[in-house]
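Participant: protein-v1.cif (mmCIF, C-alpha atoms and all ligand atoms) pasted underneath:
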```cif
data_input
#
loop_
_atom_site.label_atom_id
_atom_site.label_comp_id
_atom_site.auth_asym_id
_atom_site.auth_seq_id
_atom_site.Cartn_x
_atom_site.Cartn_y
_atom_site.Cartn_z
CA MET A 8 -9.26 5.82 14.36
CA ASN A 9 -11.79 4.37 11.98
CA PHE A 10 -10.74 4.41 8.37
CA GLU A 11 -12.74 3.09 5.42
CA ASN A 12 -10.15 3.36 2.68
CA ILE A 13 -6.82 2.78 4.38
CA LEU A 14 -5.27 0.63 7.10
CA PHE A 15 -3.11 2.26 9.73
CA GLU A 16 -1.26 0.39 12.45
CA GLU A 17 1.91 0.61 14.49
CA ASN A 18 4.21 -2.28 15.29
CA GLU A 19 7.73 -2.14 16.73
CA ASN A 20 8.12 1.57 15.96
CA ILE A 21 6.99 1.26 12.35
CA GLY A 22 3.80 2.94 11.15
CA TYR A 23 2.16 0.90 8.41
CA ILE A 24 -0.06 3.01 6.18
CA THR A 25 -1.75 0.89 3.53
CA ILE A 26 -4.20 2.11 0.90
CA ASN A 27 -7.04 -0.38 1.09
CA ARG A 28 -9.38 -0.26 -1.92
CA PRO A 29 -8.12 -3.37 -3.71
CA ASN A 30 -11.30 -3.66 -5.83
CA LYS A 31 -10.45 -0.27 -7.35
CA LEU A 32 -6.72 -1.06 -7.46
CA ASN A 33 -6.34 1.36 -4.53
CA ALA A 34 -7.23 4.39 -6.69
CA LEU A 35 -6.98 7.64 -4.76
CA ASN A 36 -10.38 9.25 -4.31
CA LYS A 37 -11.01 12.33 -2.18
CA ALA A 38 -11.94 10.30 0.90
CA THR A 39 -8.75 8.22 0.65
CA ILE A 40 -6.59 11.34 0.38
CA ALA A 41 -8.32 12.83 3.45
CA GLU A 42 -7.76 9.61 5.43
CA LEU A 43 -4.12 9.44 4.36
CA ASN A 44 -3.69 13.02 5.54
CA GLU A 45 -5.20 12.09 8.90
CA ALA A 46 -3.01 9.00 9.24
CA PHE A 47 0.18 10.93 8.44
CA GLU A 48 -0.74 13.68 10.91
CA SER A 49 -1.34 11.08 13.56
CA ALA A 50 1.94 9.28 12.70
CA ARG A 51 3.70 12.63 13.04
CA GLU A 52 2.47 13.00 16.65
CA ASP A 53 2.89 9.35 17.65
CA HIS A 54 6.23 9.05 19.44
CA ASP A 55 6.19 5.28 19.01
CA ILE A 56 6.36 5.66 15.23
CA LYS A 57 9.84 6.28 13.89
CA VAL A 58 9.52 5.16 10.27
CA VAL A 59 6.48 4.86 7.97
CA ILE A 60 6.03 2.11 5.39
CA LEU A 61 3.50 3.11 2.74
CA SER A 62 1.99 0.37 0.61
CA GLY A 63 -1.16 -0.88 -1.12
CA SER A 64 -3.54 -3.72 -0.26
CA GLY A 65 -3.82 -6.79 -2.43
CA GLU A 66 -1.37 -8.38 -4.82
CA LYS A 67 -2.04 -6.25 -7.83
CA ALA A 68 -1.58 -2.59 -7.08
CA PHE A 69 0.21 -0.04 -4.97
CA VAL A 70 -2.13 2.66 -6.32
CA ALA A 71 -3.48 2.70 -9.91
CA GLY A 72 -3.83 6.48 -9.91
CA ALA A 73 -6.24 9.18 -8.93
CA ASP A 74 -9.83 7.94 -9.06
CA ILE A 75 -10.80 8.77 -12.64
CA SER A 76 -14.53 8.37 -11.91
CA GLU A 77 -14.36 11.31 -9.49
CA PHE A 78 -12.92 13.94 -11.81
CA ALA A 79 -14.20 12.93 -15.26
CA ASP A 80 -16.68 15.87 -15.37
CA PHE A 81 -14.55 18.50 -13.62
CA SER A 82 -14.17 22.05 -14.94
CA ALA A 83 -10.75 23.72 -15.32
CA GLU A 84 -11.16 25.44 -11.95
CA GLU A 85 -12.18 22.19 -10.22
CA GLY A 86 -9.19 20.44 -11.80
CA ARG A 87 -6.87 23.14 -10.53
CA ARG A 88 -8.30 22.80 -7.02
CA LEU A 89 -8.03 18.99 -7.14
CA ALA A 90 -4.29 19.23 -7.84
CA ALA A 91 -3.65 22.05 -5.34
CA GLU A 92 -5.54 20.38 -2.50
CA GLY A 93 -4.00 16.96 -3.18
CA GLN A 94 -0.49 18.38 -3.24
CA GLU A 95 -1.07 20.32 -0.01
CA LYS A 96 -2.91 17.62 1.94
CA LEU A 97 -0.94 14.56 0.92
CA PHE A 98 1.96 14.71 -1.52
CA ASN A 99 3.83 17.60 0.12
CA VAL A 100 3.00 16.22 3.57
CA VAL A 101 4.68 12.92 2.64
CA ALA A 102 7.67 14.58 0.94
CA ASN A 103 8.34 16.86 3.93
CA PHE A 104 7.41 14.31 6.59
CA PRO A 105 9.96 14.54 9.44
CA LYS A 106 10.16 10.74 9.77
CA PRO A 107 11.41 8.50 6.95
CA VAL A 108 8.67 7.35 4.59
CA ILE A 109 9.48 4.23 2.55
CA ALA A 110 7.14 3.43 -0.35
CA ALA A 111 6.85 -0.32 -0.83
CA VAL A 112 5.53 -0.50 -4.40
CA ASN A 113 3.73 -3.84 -4.58
CA GLY A 114 2.20 -3.70 -8.09
CA PHE A 115 0.79 -0.98 -10.35
CA ALA A 116 1.94 2.52 -9.39
CA LEU A 117 0.34 4.69 -12.02
CA GLY A 118 -0.43 8.38 -12.22
CA GLY A 119 -1.20 9.61 -8.70
CA GLY A 120 0.11 6.24 -7.44
CA LEU A 121 3.56 6.80 -8.87
CA GLU A 122 3.36 10.41 -7.71
CA LEU A 123 2.61 9.19 -4.20
CA ALA A 124 5.52 6.74 -4.32
CA MET A 125 7.77 9.54 -5.59
CA SER A 126 6.72 11.77 -2.68
CA ALA A 127 8.08 9.15 -0.28
CA HIS A 128 11.73 9.56 0.72
CA PHE A 129 12.69 6.47 -1.26
CA ARG A 130 11.07 3.49 -2.93
CA ILE A 131 11.49 -0.26 -3.10
CA ALA A 132 9.44 -2.46 -5.44
CA SER A 133 8.25 -6.01 -5.92
CA ASP A 134 9.35 -7.65 -9.17
CA ASN A 135 5.77 -7.52 -10.51
CA ALA A 136 5.53 -3.73 -10.07
CA ARG A 137 4.72 -1.55 -13.06
CA MET A 138 5.09 2.20 -13.03
CA GLY A 139 4.06 5.04 -15.25
CA LEU A 140 2.40 8.42 -15.62
CA PRO A 141 -0.45 7.70 -18.08
CA GLU A 142 -2.19 11.09 -17.65
CA VAL A 143 -1.65 12.39 -21.21
CA SER A 144 -3.53 9.32 -22.48
CA LEU A 145 -6.53 10.79 -20.61
CA GLY A 146 -6.00 14.29 -21.97
CA VAL A 147 -4.58 15.68 -18.74
CA ILE A 148 -1.10 16.01 -17.22
CA PRO A 149 0.26 14.70 -13.91
CA GLY A 150 -1.08 17.04 -11.21
CA TYR A 151 0.25 15.64 -7.96
CA GLY A 152 3.88 16.66 -8.48
CA GLY A 153 4.76 14.14 -11.20
CA THR A 154 6.17 16.65 -13.70
CA GLN A 155 8.54 17.89 -10.99
CA ARG A 156 9.52 14.78 -9.02
CA LEU A 157 9.98 12.35 -11.95
CA PRO A 158 12.69 14.49 -13.63
CA GLN A 159 14.35 14.95 -10.21
CA LEU A 160 14.57 11.19 -9.82
CA VAL A 161 15.24 9.85 -13.32
CA GLY A 162 16.49 12.92 -15.23
CA LYS A 163 14.66 15.13 -17.70
CA GLY A 164 14.99 12.98 -20.81
CA LYS A 165 13.64 9.76 -19.29
CA ALA A 166 10.90 11.69 -17.49
CA MET A 167 9.84 13.40 -20.72
CA GLU A 168 9.69 10.05 -22.50
CA MET A 169 7.68 8.40 -19.71
CA ILE A 170 5.24 11.33 -19.53
CA MET A 171 4.87 11.74 -23.31
CA THR A 172 4.43 8.04 -24.13
CA ALA A 173 2.16 7.46 -21.08
CA GLY A 174 3.79 4.01 -21.03
CA MET A 175 4.61 1.73 -18.15
CA ILE A 176 8.03 0.52 -17.08
CA ASP A 177 8.60 -2.70 -15.16
CA ALA A 178 10.44 -3.09 -11.87
CA LYS A 179 13.75 -3.92 -13.55
CA GLU A 180 13.60 -0.76 -15.66
CA ALA A 181 12.54 1.26 -12.60
CA LEU A 182 15.69 0.01 -10.86
CA GLU A 183 17.84 0.93 -13.88
CA TYR A 184 16.19 4.37 -13.93
CA ARG A 185 16.97 4.73 -10.18
CA LEU A 186 13.28 5.31 -9.59
CA VAL A 187 13.41 2.52 -6.99
CA ASN A 188 16.35 1.50 -4.80
CA HIS A 189 15.73 -2.26 -4.61
CA VAL A 190 13.56 -4.90 -6.30
CA THR A 191 12.50 -8.07 -4.57
CA ALA A 192 9.98 -10.92 -4.73
CA PRO A 193 6.49 -9.77 -3.66
CA GLU A 194 6.58 -11.80 -0.43
CA ASP A 195 9.92 -10.24 0.53
CA LEU A 196 8.85 -6.63 -0.08
CA ILE A 197 7.55 -5.66 3.37
CA PRO A 198 10.30 -7.68 5.17
CA LEU A 199 12.89 -5.75 3.11
CA ALA A 200 11.24 -2.43 4.00
CA GLU A 201 11.30 -3.52 7.67
CA LYS A 202 14.97 -4.49 7.43
CA ILE A 203 15.88 -1.06 6.03
CA ALA A 204 13.66 0.62 8.66
CA ALA A 205 15.48 -1.30 11.41
CA LYS A 206 18.84 -0.01 10.13
CA ILE A 207 17.49 3.54 10.04
CA MET A 208 16.13 3.26 13.57
CA ASN A 209 19.59 2.54 15.00
CA ASN A 210 20.38 6.18 14.29
CA SER A 211 19.31 9.51 15.71
CA MET A 212 15.78 10.32 14.56
CA THR A 213 16.32 14.04 15.30
CA ALA A 214 19.36 14.02 13.02
CA ILE A 215 17.38 12.13 10.38
CA ALA A 216 14.56 14.74 10.51
CA ALA A 217 17.20 17.45 10.01
CA ALA A 218 18.77 15.52 7.11
CA ILE A 219 15.36 15.19 5.40
CA LYS A 220 14.93 18.99 5.63
CA ALA A 221 18.40 19.66 4.26
CA VAL A 222 18.10 17.20 1.35
CA ASN A 223 14.63 18.51 0.44
CA ALA A 224 15.93 22.09 0.47
CA ASN A 225 17.87 21.26 -2.70
CA TYR A 226 14.56 20.92 -4.53
CA GLU A 227 12.82 24.02 -3.22
CA ALA A 228 12.84 27.03 -5.51
CA GLY A 229 14.55 30.04 -3.99
CA VAL A 230 16.02 28.09 -1.07
CA ASN A 231 19.78 27.69 -0.66
CA GLY A 232 20.23 24.07 0.41
CA PHE A 233 23.80 24.66 1.59
CA GLU A 234 22.54 27.30 4.02
CA VAL A 235 19.77 25.03 5.27
CA GLU A 236 22.43 22.33 5.78
CA ILE A 237 24.62 24.73 7.80
CA ASP A 238 21.64 25.69 10.02
CA GLU A 239 20.50 22.10 10.52
CA PHE A 240 24.08 20.97 11.18
CA GLY A 241 24.45 23.69 13.83
CA SER A 242 21.11 22.87 15.47
CA SER A 243 22.16 19.21 15.79
CA PHE A 244 24.82 20.26 18.30
CA GLY A 245 22.08 21.37 20.70
CA THR A 246 20.33 17.98 20.80
CA GLU A 247 20.57 15.22 23.42
CA ASP A 248 21.11 12.78 20.56
CA PHE A 249 24.31 14.57 19.56
CA LYS A 250 25.67 14.33 23.11
CA GLU A 251 24.68 10.66 23.26
CA GLY A 252 26.06 9.81 19.81
CA THR A 253 29.43 11.45 20.33
CA SER A 254 29.89 10.23 23.91
CA ALA A 255 28.93 6.67 22.90
CA PHE A 256 31.53 6.77 20.13
CA LEU A 257 34.25 8.13 22.42
CA ASN A 258 33.40 5.54 25.10
CA LYS A 259 33.30 2.71 22.56
CA ARG A 260 29.71 1.75 23.31
CA LYS A 261 26.52 1.57 21.23
CA ALA A 262 24.51 4.80 21.22
CA ASN A 263 21.06 4.75 22.76
CA PHE A 264 19.25 7.68 21.17
CA SER A 265 16.26 9.31 22.84
CA GLY A 266 15.22 11.20 19.70
CA LYS A 267 15.49 14.54 21.55
N1 LIG B 301 -9.57 5.26 -11.10
C1 LIG B 301 -10.74 4.67 -10.87
N2 LIG B 301 -10.93 3.33 -10.93
C2 LIG B 301 -9.85 2.59 -11.26
C3 LIG B 301 -8.60 3.14 -11.52
C4 LIG B 301 -8.48 4.53 -11.44
N3 LIG B 301 -7.31 5.17 -11.64
N4 LIG B 301 -7.73 2.14 -11.85
C5 LIG B 301 -8.43 1.01 -11.75
N5 LIG B 301 -9.72 1.26 -11.41
C6 LIG B 301 -10.82 0.30 -11.22
C7 LIG B 301 -11.38 -0.18 -12.54
O1 LIG B 301 -12.33 0.75 -13.04
C8 LIG B 301 -12.02 -1.48 -12.11
O2 LIG B 301 -13.22 -1.20 -11.44
P1 LIG B 301 -14.57 -2.08 -11.75
O3 LIG B 301 -14.16 -3.49 -11.40
O4 LIG B 301 -15.58 -1.51 -10.83
O5 LIG B 301 -14.85 -1.88 -13.20
C9 LIG B 301 -11.04 -2.01 -11.06
O6 LIG B 301 -10.31 -0.87 -10.60
C10 LIG B 301 -10.05 -3.03 -11.59
O7 LIG B 301 -9.39 -2.46 -12.70
P2 LIG B 301 -9.31 -3.13 -14.15
O8 LIG B 301 -9.08 -2.05 -15.15
O9 LIG B 301 -10.48 -4.03 -14.36
O10 LIG B 301 -8.00 -4.02 -13.97
P3 LIG B 301 -7.02 -4.52 -15.15
O11 LIG B 301 -6.12 -5.52 -14.51
O12 LIG B 301 -7.78 -4.91 -16.34
O13 LIG B 301 -6.15 -3.22 -15.55
C11 LIG B 301 -4.86 -1.22 -15.11
C12 LIG B 301 -5.26 -2.63 -14.63
C13 LIG B 301 -4.05 -0.57 -13.99
C14 LIG B 301 -4.03 -1.33 -16.38
C15 LIG B 301 -6.13 -0.39 -15.40
O14 LIG B 301 -7.00 -0.49 -14.29
C16 LIG B 301 -5.88 1.07 -15.66
O15 LIG B 301 -5.41 1.44 -16.73
N6 LIG B 301 -6.22 1.95 -14.68
C17 LIG B 301 -6.12 3.38 -14.84
C18 LIG B 301 -4.69 3.82 -14.73
C19 LIG B 301 -4.57 5.31 -14.95
O16 LIG B 301 -4.79 5.84 -16.02
N7 LIG B 301 -4.21 6.03 -13.87
C20 LIG B 301 -3.97 7.43 -13.91
C21 LIG B 301 -5.14 8.19 -13.47
S1 LIG B 301 -4.81 9.94 -13.56
#
```
Written as structure tokens, that's how I'd like the structure from this file.

Facilitator:
Amino acid sequence: MNFENILFEENENIGYITINRPNKLNALNKATIAELNEAFESAREDHDIKVVILSGSGEKAFVAGADISEFADFSAEEGRRLAAEGQEKLFNVVANFPKPVIAAVNGFALGGGLELAMSAHFRIASDNARMGLPEVSLGVIPGYGGTQRLPQLVGKGKAMEMIMTAGMIDAKEALEYRLVNHVTAPEDLIPLAEKIAAKIMNNSMTAIAAAIKAVNANYEAGVNGFEVEIDEFGSSFGTEDFKEGTSAFLNKRKANFSGK
């Protein structure tokens, strides 16, 4: 696959998807969103990939937002379509991805960048990271899920303050807000993501896909998460991984999951 705006590679069962427009602080233009969609769809099908690490190129930014130069002259209808298409093609794809997606926030994560990080299943950050939703300073609101996912992660009051002030928080504050799970030196960020990925990969990937569905069900309007949990729990009993996991435990050996 030939990408112009992202890097996509697989190594030791990890898919590395890296936004690669460092001169534009990895701002998300239409082409980048389309390439990210393609990379995620290909990571979905690639049996070698068990976990995805999402990050940004360069030392300065994860993603500094949607590409402002692309939408500055949009009409209301075009704006609506921009948000709808972005949510469908990328942000919801990441949030509902059946394999764990870890956002490694290596610098600015602003606007669409923070929204992308928040779509991931969880986030870790380098100590130079800065996060915010500056949209109201541009006369617009977050359109890639930010008004929904930020309150889910940090609570309504903090989310309202971040959105209304359009200000940035640093990595330490993001940790206090529980927006990120861990903060580390920039050079340790990807190694930490890899260490967490390695721990995840000891477990059943079919069970993990089911757990992602059940946890996400809590945030879907009109869906009863407890019922989704019951269904996913039941389905687990029909998998090879369940037989392997339980028999390994009973025989006091390490499980060797096939992911089926
Ligand atoms: N969209 C388009 N281009 C962007 C961008 C964005 N969201 N964020 C950064 N860039 C571009 C800049 O225009 C600049 O391009 P140029 O060199 O061709 O002029 C380049 O990336 C470097 O950015 P610059 O502003 O010079 O870096 P800085 O270190 O002075 O400032 C930021 C960094 C993140 C504070 C600043 O770039 C910024 O405020 N970006 C916009 C953030 C934002 O509002 N995002 C939400 C969009 S909805």

Participant: Would you kindly return, as a PyMOL selection string, each protein, DNA or RNA residue with an atom no farther than 7 Å from any atom of Ala71 of chain A, considering all atoms listed in the file and excluding same-chain residues fewer than 6 positions away?

Facilitator: chain A and resi 32-34+115-118+120

Participant: Can I get the selection written as a PDB file, in the coordinates of the input, with C-alpha atoms?

Facilitator:
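The resulting file, selection.pdb, is reproduced below:
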```pdb
ATOM      1  CA  LEU A  32      -6.720  -1.060  -7.460  1.00  0.00           C
ATOM      2  CA  ASN A  33      -6.340   1.360  -4.530  1.00  0.00           C
ATOM      3  CA  ALA A  34      -7.230   4.390  -6.690  1.00  0.00           C
ATOM      4  CA  PHE A 115       0.790  -0.980 -10.350  1.00  0.00           C
ATOM      5  CA  ALA A 116       1.940   2.520  -9.390  1.00  0.00           C
ATOM      6  CA  LEU A 117       0.340   4.690 -12.020  1.00  0.00           C
ATOM      7  CA  GLY A 118      -0.430   8.380 -12.220  1.00  0.00           C
ATOM      8  CA  GLY A 120       0.110   6.240  -7.440  1.00  0.00           C
TER       9      GLY A 120
END
```

Participant: Please provide the set of residues having any atom within 9 Å of Gly252 of chain A, restricted to all atoms listed in the file, with same-chain residues fewer than 5 positions apart removed, written as a list in words.

Facilitator: Asn210, Ser211, Glu247, Leu257, Lys261, Ala262, Asn263 and Phe264 of chain A

Participant: Neighbours of ligand LIG 301 (chain B) at 9 Å or closer, counting only C-alpha atoms and all ligand atoms: which residues, as a compact mmCIF listing (two decimals) with C-alpha atoms, in the coordinates of the input?

Facilitator:
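Saved to result_14.txt:
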```
# COMPACT_ATOMS: atom_id res chain seq x y z
CA ARG A 28 -9.38 -0.26 -1.92
CA PRO A 29 -8.12 -3.37 -3.71
CA ASN A 30 -11.30 -3.66 -5.83
CA LYS A 31 -10.45 -0.27 -7.35
CA LEU A 32 -6.72 -1.06 -7.46
CA ASN A 33 -6.34 1.36 -4.53
CA ALA A 34 -7.23 4.39 -6.69
CA LEU A 35 -6.98 7.64 -4.76
CA ASN A 36 -10.38 9.25 -4.31
CA LYS A 67 -2.04 -6.25 -7.83
CA ALA A 68 -1.58 -2.59 -7.08
CA VAL A 70 -2.13 2.66 -6.32
CA ALA A 71 -3.48 2.70 -9.91
CA GLY A 72 -3.83 6.48 -9.91
CA ALA A 73 -6.24 9.18 -8.93
CA ASP A 74 -9.83 7.94 -9.06
CA ILE A 75 -10.80 8.77 -12.64
CA SER A 76 -14.53 8.37 -11.91
CA GLU A 77 -14.36 11.31 -9.49
CA PHE A 115 0.79 -0.98 -10.35
CA ALA A 116 1.94 2.52 -9.39
CA LEU A 117 0.34 4.69 -12.02
CA GLY A 118 -0.43 8.38 -12.22
CA GLY A 119 -1.20 9.61 -8.70
CA GLY A 120 0.11 6.24 -7.44
CA ARG A 137 4.72 -1.55 -13.06
CA GLY A 139 4.06 5.04 -15.25
CA LEU A 140 2.40 8.42 -15.62
CA PRO A 141 -0.45 7.70 -18.08
CA GLU A 142 -2.19 11.09 -17.65
CA VAL A 143 -1.65 12.39 -21.21
CA SER A 144 -3.53 9.32 -22.48
CA LEU A 145 -6.53 10.79 -20.61
CA VAL A 147 -4.58 15.68 -18.74
CA ILE A 148 -1.10 16.01 -17.22
CA PRO A 149 0.26 14.70 -13.91
CA GLY A 150 -1.08 17.04 -11.21
CA ALA A 173 2.16 7.46 -21.08
```

Participant: Nearest to Met125 of chain A: which of A:Thr172, A:Phe78, A:Asn188, A:Asp53 is it, counting all atoms listed in the file?

Facilitator: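 Result for the nearest residue to Met125 of chain A: A:Asn188.
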
Participant: Please provide as a compact mmCIF listing (two decimals) with C-alpha atoms, in the coordinates of the input all residues within 12 Å of Ser242 of chain A, with the sequence filter that same-chain residues fewer than 2 positions apart are discarded (counting only C-alpha atoms).

Facilitator:
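Everything below was put into result-v1.txt:
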```txt
# COMPACT_ATOMS: atom_id res chain seq x y z
CA THR A 213 16.32 14.04 15.30
CA ALA A 214 19.36 14.02 13.02
CA ALA A 216 14.56 14.74 10.51
CA ALA A 217 17.20 17.45 10.01
CA ALA A 218 18.77 15.52 7.11
CA ALA A 221 18.40 19.66 4.26
CA VAL A 235 19.77 25.03 5.27
CA GLU A 236 22.43 22.33 5.78
CA ILE A 237 24.62 24.73 7.80
CA ASP A 238 21.64 25.69 10.02
CA GLU A 239 20.50 22.10 10.52
CA PHE A 240 24.08 20.97 11.18
CA PHE A 244 24.82 20.26 18.30
CA GLY A 245 22.08 21.37 20.70
CA THR A 246 20.33 17.98 20.80
CA GLU A 247 20.57 15.22 23.42
CA ASP A 248 21.11 12.78 20.56
CA PHE A 249 24.31 14.57 19.56
CA LYS A 267 15.49 14.54 21.55
```

Participant: What lies within 8 Å of Asn12 of chain A using only C-alpha atoms, ignoring chain neighbours under 3 positions off, as JSON, numbers by chain?

Facilitator: {"A": [26, 27, 28, 38, 39, 42]}

Participant: Which is closest to Ile21 of chain A among A:Ile109, A:Met138, A:Val59, A:Ala200, if we use all atoms listed in the file?

Facilitator: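 Smallest distance to Ile21 of chain A is found for A:Val59.
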
Participant: Using only C-alpha atoms, pick whichever of A:Ser133, A:Asn225, A:Gln94, A:Gln159 has the shortest atom-to-atom distance to His189 of chain A.

Facilitator: A:Ser133

Participant: Would you mind telling me which residue in A:Ser126, A:Asn18, A:Ser265, A:Asn135 lies nearest to Val190 of chain A when using all atoms listed in the file?

Facilitator: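 The closest residue to Val190 of chain A is A:Asn135.
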
Participant: Env of Phe98 of chain A: 9 Å cut, atoms = all atoms listed in the file, seq-sep filter 6 positions within chain, self excluded. Answer as a PyMOL selection string.

Facilitator: chain A and resi 122-123+125-127+151-152

Participant: Just how far from atom CA of Glu48 of chain A is atom CA of Val108 of chain A, in Å to one decimal?

Facilitator: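 According to the coordinates, atom CA of Val108 of chain A and atom CA of Glu48 of chain A are separated by 13.0 Å.
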
Participant: Quick one: residues within 9 Å of (15.2, 3.4, 5.2) (file frame), counting all atoms listed in the file, please, as a compact mmCIF listing (two decimals) with C-alpha atoms, keeping the file's coordinate frame.

Facilitator:
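Generated file (out.txt):
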```txt
# COMPACT_ATOMS: atom_id res chain seq x y z
CA VAL A 58 9.52 5.16 10.27
CA PRO A 107 11.41 8.50 6.95
CA VAL A 108 8.67 7.35 4.59
CA ILE A 109 9.48 4.23 2.55
CA HIS A 128 11.73 9.56 0.72
CA PHE A 129 12.69 6.47 -1.26
CA ALA A 200 11.24 -2.43 4.00
CA GLU A 201 11.30 -3.52 7.67
CA LYS A 202 14.97 -4.49 7.43
CA ILE A 203 15.88 -1.06 6.03
CA ALA A 204 13.66 0.62 8.66
CA ALA A 205 15.48 -1.30 11.41
CA LYS A 206 18.84 -0.01 10.13
CA ILE A 207 17.49 3.54 10.04
CA MET A 208 16.13 3.26 13.57
```

Participant: Kindly list the centre and edge lengths in Å, rounded to one decimal, for the axis-aligned box that covers all listed atoms of segment 220-229 of chain A plus 3 Å on each of its six sides, as AutoDock Vina command-line options.

Facilitator:
```
--center_x 15.6 --center_y 23.6 --center_z 0.1 --size_x 11.6 --size_y 18.8 --size_z 17.1
```

Participant: By how many Å are atom CA of Lys250 of chain A and atom CA of Gly266 of chain A apart?

Facilitator: 11.4 Å

Participant: Interatomic distance between atom CA of Asp177 of chain A and atom CA of Pro193 of chain A?

Facilitator: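 Interatomic distance here is 13.7 Å.
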
Participant: Could you tell me which of A:Ala136, A:Ala41, A:Ala79, A:Ile13 comes closest to Met175 of chain A if we count all atoms listed in the file?

Facilitator: A:Ala136

Participant: Could you check the closest approach to Ala110 of chain A for each of A:Gly174, A:Gly164, A:Pro158, A:Gly63 and tell me which residue wins, using only C-alpha atoms?

Facilitator: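 Smallest distance to Ala110 of chain A is found for A:Gly63.
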